[in-house]
Amino acid sequence: MTKLETIKTLLKKSHNPLYFYDDDADGLVSYLLLKRKFEKGIGVIVRVRGMSLNEEGLYLKKIDEHNPDLVVFLDKPNLNQDVFDKINVKKIWIDHHNIVNVKGVNYYNPRMRNRKDNKPTSYICYKITGKDLWLAAIGSVADWSLVLFNDFKKDYGDLVEGVSSLNNIKADDVLYNTKLGELIRIFSFSLKGKINEVSRNIEMILKINDPYEILFKKSENGKRLFESAERISKKYDDLLKKALDESKKSKGRVIAFRYVSDQVSFTSDLANELVHRNPGRIIAVGRIKDEQMRISLRSSVDDVELPGVIHRIFSEIKGSGGGHEHAVAVEIHKDDYERFIKLLREYV
Ligand SMILES: [Mn+2]
């Protein structure tokens with residue numbers, strides 16, 4: 001049996017799986033695909049970052065609460081042996097971030113076969129379920145991957161009209177110029193805001209049958225999701241405007257923008273849109289919350305691999321984080337921000 005077949009069998013046999021998933025569109029879609037296919041279990045969105053005591057505490061508390069017979073981690077980077085050792089039931093971990101050496105868990109990561117293969121978690125979950133292509137396309141394009149683009153185009157050509165005639169389509173063209181991109185933004189925004197609103201949004205998405213329900217407000221749930229995203233969108237557009245003004249002023253390779261917010265995090269969305277609009281630049285979008293600062297970094301240039309860059313910076317200042325070659329998230333103390341940006345400018 002292949003690894004994916006083993007995972008599928010475990011999911012089929014389980015009576016009450018508990019899913020932990022990352023709080024972005026790829027993580028969410030991974031959960032939605034498995035939940036819709038196997039029709040059981042409970043999902044917990046994980047918003048804490050870094051394999052801190054907080055993160056481990058959340059897992060153990062939820063496991064204690066729900067008493068699952070299977071625990072599934074989706075799109076969560078940097079889990080460690082410690083947390084797996086503390087869970088006494090079967091475990092699955094599907095991820096596409098850096099490989100971690102762990103045992104006692106059914107771990108699927110495409111990088112094991114090929115270090116550069118980082119196909120999104122939602123794509124891997126789609127390989128398991130074989131249904132809900134439209135959801136899988138949302139999750140994977142949200143992670144800037146076009147693996148499902150052609151399949152999606154066959155069934156939903158009207159939702160990618162903006163780019164389907166281009167010869168060399170890039171993921172960000174799809175993200176910012178098509179109806180599919182608009183849908184991805186709605187999914188991403190449905191995860192912002194207060195946790196009870198987010199839970200309600202996810203419950204509604206679980207009941208949606210096709211993308212048109214949301215995009216053209218064809219059902220009550222679709223309409224509510226669309227309108228809730230619109231409210232978040234207003235906040236986003238304000239920040240984007242400020243960030244774009246800032247980026248026009250900035251010289252050199254790095255564009256840095258920061259803002260203060262204790263509620264909604266837009267760092268990842270803003271960094272994506274800034275790098276799309278400023279090809280060839282390196283983007284840093286920081287958000288101050290309490291004493292900490294969380295920064296999303298993006299690079300669209302091949303000679304800058306961000307994990308290496310932040311590794312160098314963290315030998316000089318305290319911080320944590322990680323991600324892919326062209327997209328990472330880090331956390332530092334807010335007083336180290338100026339120094340962080342100075343080092344970033346030096347090392348890219
Ligand atoms: Mn992902």
# chains A, B, ... in the order shown; residues from 1 in each chain; ligands from 1
>>> select_by_dssp(residues="range 221-280 of chain A", states="strand (DSSP E or B)", output="PyMOL selection string")
chain A and resi 254-260
>>> residues_around(residues="Ile317 in chain A", least_positions_apart="6", cutoff="12 Å", atoms="only C-alpha atoms", output="number ranges by chain")
A: 310-311, 330-344
>>> write_last_selection(atoms="C-alpha atoms", output="JSON list (two decimals), in the first residue's frame")
[["chain", "number", "residue", "atom", "x", "y", "z"],
["A", 310, "ILE", "CA", 16.17, 34.63, 7.86],
["A", 311, "HIS", "CA", 18.51, 31.98, 9.20],
["A", 330, "VAL", "CA", 8.70, 35.32, 11.13],
["A", 331, "GLU", "CA", 8.12, 36.58, 14.61],
["A", 332, "ILE", "CA", 10.43, 38.99, 16.41],
["A", 333, "HIS", "CA", 10.26, 41.45, 19.30],
["A", 334, "LYS", "CA", 8.79, 44.73, 18.07],
["A", 335, "ASP", "CA", 11.87, 46.69, 19.20],
["A", 336, "ASP", "CA", 14.02, 44.63, 16.81],
["A", 337, "TYR", "CA", 12.07, 45.67, 13.73],
["A", 338, "GLU", "CA", 14.42, 48.41, 12.44],
["A", 339, "ARG", "CA", 17.40, 46.12, 12.91],
["A", 340, "PHE", "CA", 15.60, 43.25, 11.18],
["A", 341, "ILE", "CA", 14.84, 45.37, 8.11],
["A", 342, "LYS", "CA", 18.39, 46.73, 8.05],
["A", 343, "LEU", "CA", 19.81, 43.19, 8.04],
["A", 344, "LEU", "CA", 17.27, 42.10, 5.44]]
>>> closest_atom_pairs(of="chain A", to="ligand 1", cutoff="10 Å", atoms="only C-alpha atoms and all ligand atoms", output="Markdown table")
| residue | atom | partner | partner_atom_place_in_ligand_line | distance |
| --- | --- | --- | --- | --- |
| A:Tyr21 | CA | ligand 1 | 1 (Mn) | 9.8 |
| A:Asp22 | CA | ligand 1 | 1 (Mn) | 7.7 |
| A:Asp23 | CA | ligand 1 | 1 (Mn) | 9.5 |
| A:Asp24 | CA | ligand 1 | 1 (Mn) | 7.5 |
| A:Ala25 | CA | ligand 1 | 1 (Mn) | 7.9 |
| A:Asp26 | CA | ligand 1 | 1 (Mn) | 4.8 |
| A:Gly27 | CA | ligand 1 | 1 (Mn) | 6.0 |
| A:Leu28 | CA | ligand 1 | 1 (Mn) | 9.4 |
| A:Val29 | CA | ligand 1 | 1 (Mn) | 9.7 |
| A:Ser30 | CA | ligand 1 | 1 (Mn) | 9.0 |
| A:Leu74 | CA | ligand 1 | 1 (Mn) | 8.5 |
| A:Asp75 | CA | ligand 1 | 1 (Mn) | 5.1 |
| A:Lys76 | CA | ligand 1 | 1 (Mn) | 7.8 |
| A:Pro77 | CA | ligand 1 | 1 (Mn) | 8.7 |
| A:Ile94 | CA | ligand 1 | 1 (Mn) | 10.0 |
| A:Asp95 | CA | ligand 1 | 1 (Mn) | 7.2 |
| A:His96 | CA | ligand 1 | 1 (Mn) | 6.6 |
| A:His97 | CA | ligand 1 | 1 (Mn) | 7.5 |
| A:Asn118 | CA | ligand 1 | 1 (Mn) | 8.6 |
| A:Lys119 | CA | ligand 1 | 1 (Mn) | 8.3 |
| A:Pro120 | CA | ligand 1 | 1 (Mn) | 5.1 |
| A:Thr121 | CA | ligand 1 | 1 (Mn) | 5.5 |
| A:Ser122 | CA | ligand 1 | 1 (Mn) | 7.4 |
| A:Tyr123 | CA | ligand 1 | 1 (Mn) | 9.5 |
| A:Gly139 | CA | ligand 1 | 1 (Mn) | 7.9 |
| A:Ser140 | CA | ligand 1 | 1 (Mn) | 7.7 |
| A:Ala142 | CA | ligand 1 | 1 (Mn) | 8.3 |
| A:Asp143 | CA | ligand 1 | 1 (Mn) | 5.8 |
| A:Trp144 | CA | ligand 1 | 1 (Mn) | 9.4 |
| A:Ser145 | CA | ligand 1 | 1 (Mn) | 9.8 |
| A:Gly323 | CA | ligand 1 | 1 (Mn) | 9.2 |
| A:His324 | CA | ligand 1 | 1 (Mn) | 9.4 |
>>> atom_distance(atom1="CA of Val348 in chain A", atom2="CA of Glu273 in chain A")
19.9 Å
>>> atom_distance(atom1="CA of Asn196 in chain A", atom2="CA of Asp64 in chain A")
21.1 Å
>>> atom_distance(atom1="CA of Ala284 in chain A", atom2="CA of Val309 in chain A")
12.6 Å
>>> closest_atom_pairs(of="range 172-260 of chain A", to="range 134-137 of chain A", cutoff="12 Å", atoms="only C-alpha atoms", output="tab-separated table")
residue	atom	partner	partner_atom	distance
A:Val174	CA	A:Ala137	CA	10.9
A:Leu175	CA	A:Ala137	CA	11.2
A:Lys179	CA	A:Trp134	CA	11.9
A:Leu180	CA	A:Ala137	CA	8.4
A:Gly181	CA	A:Ala137	CA	10.1
A:Leu183	CA	A:Leu135	CA	9.8
A:Ile184	CA	A:Ala137	CA	9.1
A:Phe187	CA	A:Leu135	CA	9.9
A:Ile205	CA	A:Leu135	CA	10.0
A:Leu206	CA	A:Leu135	CA	10.4
A:Ile208	CA	A:Leu135	CA	10.1
A:Asn209	CA	A:Trp134	CA	9.6
A:Asp210	CA	A:Trp134	CA	7.5
A:Pro211	CA	A:Trp134	CA	7.1
A:Tyr212	CA	A:Trp134	CA	10.5
>>> closest_residue(among="A:Ile283, A:Val89, A:Leu297, A:Leu191", to="Val46 in chain A", atoms="only C-alpha atoms")
A:Leu191
>>> closest_atom_pairs(of="range 175-197 of chain A", to="range 215-232 of chain A", cutoff="6 Å", atoms="only C-alpha atoms", output="CSV")
residue,atom,partner,partner_atom,distance
A:Ile186,CA,A:Ala229,CA,5.4
A:Phe189,CA,A:Ala229,CA,5.4
A:Ser190,CA,A:Ala229,CA,5.9
>>> decode(residues="range 262-277 of chain A", atoms="N, CA and C atoms", output="mmCIF file, in the first residue's frame")
data_model
loop_
_atom_site.group_PDB
_atom_site.id
_atom_site.type_symbol
_atom_site.label_atom_id
_atom_site.label_comp_id
_atom_site.auth_asym_id
_atom_site.auth_seq_id
_atom_site.Cartn_x
_atom_site.Cartn_y
_atom_site.Cartn_z
ATOM 1 N N ASP A 262 -4.566 44.527 16.688
ATOM 2 C CA ASP A 262 -4.634 43.390 17.601
ATOM 3 C C ASP A 262 -5.717 42.403 17.170
ATOM 4 N N GLN A 263 -6.426 42.712 16.094
ATOM 5 C CA GLN A 263 -7.467 41.785 15.672
ATOM 6 C C GLN A 263 -7.134 41.032 14.387
ATOM 7 N N VAL A 264 -7.244 41.716 13.280
ATOM 8 C CA VAL A 264 -7.121 41.015 12.007
ATOM 9 C C VAL A 264 -5.682 41.050 11.494
ATOM 10 N N SER A 265 -5.204 39.920 11.004
ATOM 11 C CA SER A 265 -3.883 39.872 10.391
ATOM 12 C C SER A 265 -4.015 39.827 8.871
ATOM 13 N N PHE A 266 -3.418 40.812 8.225
ATOM 14 C CA PHE A 266 -3.424 40.835 6.761
ATOM 15 C C PHE A 266 -2.009 40.716 6.200
ATOM 16 N N THR A 267 -1.038 40.384 7.044
ATOM 17 C CA THR A 267 0.347 40.473 6.564
ATOM 18 C C THR A 267 0.573 39.597 5.336
ATOM 19 N N SER A 268 0.051 38.369 5.380
ATOM 20 C CA SER A 268 0.275 37.448 4.277
ATOM 21 C C SER A 268 -0.409 37.945 2.989
ATOM 22 N N ASP A 269 -1.663 38.369 3.101
ATOM 23 C CA ASP A 269 -2.405 38.857 1.929
ATOM 24 C C ASP A 269 -1.752 40.104 1.338
ATOM 25 N N LEU A 270 -1.346 41.033 2.223
ATOM 26 C CA LEU A 270 -0.710 42.265 1.736
ATOM 27 C C LEU A 270 0.625 41.964 1.064
ATOM 28 N N ALA A 271 1.406 41.087 1.681
ATOM 29 C CA ALA A 271 2.721 40.763 1.111
ATOM 30 C C ALA A 271 2.546 40.130 -0.269
ATOM 31 N N ASN A 272 1.551 39.246 -0.410
ATOM 32 C CA ASN A 272 1.293 38.632 -1.719
ATOM 33 C C ASN A 272 0.949 39.675 -2.772
ATOM 34 N N GLU A 273 0.055 40.584 -2.413
ATOM 35 C CA GLU A 273 -0.375 41.557 -3.406
ATOM 36 C C GLU A 273 0.756 42.542 -3.736
ATOM 37 N N LEU A 274 1.555 42.892 -2.738
ATOM 38 C CA LEU A 274 2.676 43.814 -2.996
ATOM 39 C C LEU A 274 3.722 43.186 -3.911
ATOM 40 N N VAL A 275 3.988 41.903 -3.722
ATOM 41 C CA VAL A 275 5.014 41.273 -4.573
ATOM 42 C C VAL A 275 4.471 41.096 -5.995
ATOM 43 N N HIS A 276 3.164 40.867 -6.105
ATOM 44 C CA HIS A 276 2.540 40.782 -7.432
ATOM 45 C C HIS A 276 2.665 42.114 -8.170
ATOM 46 N N ARG A 277 2.468 43.209 -7.444
ATOM 47 C CA ARG A 277 2.510 44.527 -8.074
ATOM 48 C C ARG A 277 3.913 45.091 -8.207
#
